[in-house]
Amino acid sequence: MIPPAFDYHAPKTVGEAIALLGGLSDAKILAGGHSLLPMMKLRFAAPAHLIDINRIPELRGICEDGATIVIGAMTTEAALIASPLLQAKLPLLADAPKLIADPQVRNRGTIGGDIAHGDPANDHPAISIALDAVFTIEGPGGRRQVAAENFFQGTYITDLADNEILVDIRVPAFAPGTGWAYEKLKRKTGDWATAGAAVVLRLSGGQVSHARIALTNVAPQALRAEAAEQALLGQPLTDASIDAAARAAMAITDPAEDLRGDRDYKTAMTGQMLKRAIRAAAARAH
C-alpha cells in the first residue's frame, strides 16, 4: 500500500530536529525507517510530517568515555557488528545484532530506532536492559538520562516525550571475566522473536557474583527478570539453579497469543531460551 501524504524535513543538527518536533503538529522521527514506514504503508500510522535525522552526523559513531562505551542513536546494526571496540569491550552488542532481520535491514536499521520505537518484539530493548545501559535524551529543556529498565513502559510506549530525541546509548564496558549471551527463538530468518533472553553474568569462586537478565517479546514491554537473577546470585551454576531461574522468568511473562504461538508455548520457550543463554554466558565467563 501507499502511505498517506506527508511533509518531509531533513534537519542537519539535533537542535534543528527538536525545533521541528516542537513546532510541527503530528510529526514523527524517521531513523532507519524499518519500523515506521511499514506501519505507514499499512495505514497504522499516518504522521503529517516526517523528520529525517539521517543527516545529523553527531548521532552516529561508537567511542569510549572512560569506562563507558557511547553509541550514537543513528549507528546502524551493521556498524555495531563491525565495531572493533564493541568486539573487544562489549561483545554482546556486536554479536546480538547478527540475529536481527537480514543484512539489507541491518545496513539501514539503527540501534536508536529499534529502541525508541518501543516494540517489545525488537531485540535492543532487552539487550540494553541486560547491559545496564543508560539512554541520553534531548529535548527543548536540554539533555537527561534514563536507565534502560525504566524507559520501556508498554507496547510502543516509552519515556520519550513527543518533543524529544534519543541521542545516544551509554553502556559500561564489560569487566574482565564477564560472560554474555542472547538467545532468540524465531520461526525463520529475519523474523521477530517468539521469545528471547539476554544474559550478562560473572563468576567468582565458582558462584555467580553478577547477573542481569532481560526478556524479549513475552510481555507488553521488554522485561528485566530480577527474580531470575536472584535465583542465580551467590549460587554455583547447576541444573537446579538454572531451572530455578527459568521458572522465575516464566512467572513474570505476559505474552500475547499470535501466529508465533499461544501463551503457554511462549511462556515455555521463555524458560528454554533463558536456560540456553545462561549456559552460553557461563561458557564465556573466564
# chains A, B, ... in the order shown; residues from 1 in each chain; ligands from 1
>>> closest_atom_pairs(of="stretch 95-199 of chain A", to="stretch 276-284 of chain A", cutoff="10 Å", atoms="only C-alpha atoms", output="CSV")
residue,atom,partner,partner_atom,distance
A:Gly177,CA,A:Arg284,CA,7.9
A:Thr178,CA,A:Arg284,CA,7.2
A:Gly179,CA,A:Ala281,CA,4.4
A:Trp180,CA,A:Ala281,CA,4.2
A:Ala181,CA,A:Ala281,CA,5.0
A:Tyr182,CA,A:Ala277,CA,5.9
A:Glu183,CA,A:Ala277,CA,5.5
A:Lys184,CA,A:Ala277,CA,9.0
A:Gly196,CA,A:Ala277,CA,9.0
A:Ala197,CA,A:Ala277,CA,6.5
A:Ala198,CA,A:Ala277,CA,6.6
A:Val199,CA,A:Ala277,CA,6.1
>>> closest_atom_pairs(of="stretch 72-117 of chain A", to="stretch 28-46 of chain A", cutoff="8 Å", atoms="only C-alpha atoms", output="JSON lines")
{"residue": "A:Met74", "atom": "CA", "partner": "A:Ala31", "partner_atom": "CA", "distance": 6.8}
{"residue": "A:Val105", "atom": "CA", "partner": "A:His34", "partner_atom": "CA", "distance": 7.3}
{"residue": "A:Arg108", "atom": "CA", "partner": "A:Gly32", "partner_atom": "CA", "distance": 5.2}
{"residue": "A:Gly109", "atom": "CA", "partner": "A:Gly32", "partner_atom": "CA", "distance": 4.4}
{"residue": "A:Thr110", "atom": "CA", "partner": "A:Gly32", "partner_atom": "CA", "distance": 5.6}
{"residue": "A:Gly112", "atom": "CA", "partner": "A:Ala31", "partner_atom": "CA", "distance": 7.8}
{"residue": "A:Gly113", "atom": "CA", "partner": "A:Ala31", "partner_atom": "CA", "distance": 5.7}
{"residue": "A:Asp114", "atom": "CA", "partner": "A:Ser35", "partner_atom": "CA", "distance": 7.9}
{"residue": "A:His117", "atom": "CA", "partner": "A:Ser35", "partner_atom": "CA", "distance": 7.4}
>>> closest_residue(among="A:Glu226, A:Glu257, A:Asp132, A:Asp243", to="A:Ile69", atoms="only C-alpha atoms")
A:Asp132
>>> residues_around(residues="A:Ile115", least_positions_apart="3", cutoff="6 Å", atoms="only C-alpha atoms", output="PDB file with C-alpha atoms, in the first residue's frame")
ATOM      1  CA  GLY A 112      18.256   4.106  18.361  1.00  0.00           C
ATOM      2  CA  GLY A 118       9.146   0.751  21.885  1.00  0.00           C
ATOM      3  CA  HIS A 124      17.676  -3.988  21.596  1.00  0.00           C
ATOM      4  CA  PRO A 125      15.267  -3.193  24.449  1.00  0.00           C
TER       5      PRO A 125
END
>>> atom_distance(atom1="atom CA of A:Ala10", atom2="atom CA of A:Pro103")
25.5 Å
>>> residues_around(residues="stretch 203-209 of chain A", least_positions_apart="4", cutoff="6 Å", atoms="only C-alpha atoms", output="list in words")
Leu233, Gly234, Gln235 and Pro236 of chain A
>>> decode(residues="stretch 205-224 of chain A", atoms="C-alpha atoms", output="compact mmCIF listing (two decimals), in the first residue's frame")
# COMPACT_ATOMS: atom_id res chain seq x y z
CA GLY A 205 34.89 -18.70 43.43
CA GLY A 206 32.60 -20.99 41.47
CA GLN A 207 29.50 -18.93 42.27
CA VAL A 208 27.53 -16.32 40.32
CA SER A 209 28.63 -12.87 41.52
CA HIS A 210 26.77 -10.76 38.93
CA ALA A 211 23.67 -11.47 36.84
CA ARG A 212 21.49 -9.30 34.58
CA ILE A 213 18.66 -10.99 32.71
CA ALA A 214 16.11 -9.46 30.32
CA LEU A 215 13.41 -10.95 28.12
CA THR A 216 12.20 -10.17 24.58
CA ASN A 217 8.62 -10.28 23.26
CA VAL A 218 6.93 -12.08 26.15
CA ALA A 219 5.12 -9.06 27.64
CA PRO A 220 3.89 -5.61 26.52
CA GLN A 221 7.48 -4.37 27.03
CA ALA A 222 10.94 -5.83 27.47
CA LEU A 223 11.28 -7.25 30.98
CA ARG A 224 14.09 -7.34 33.48
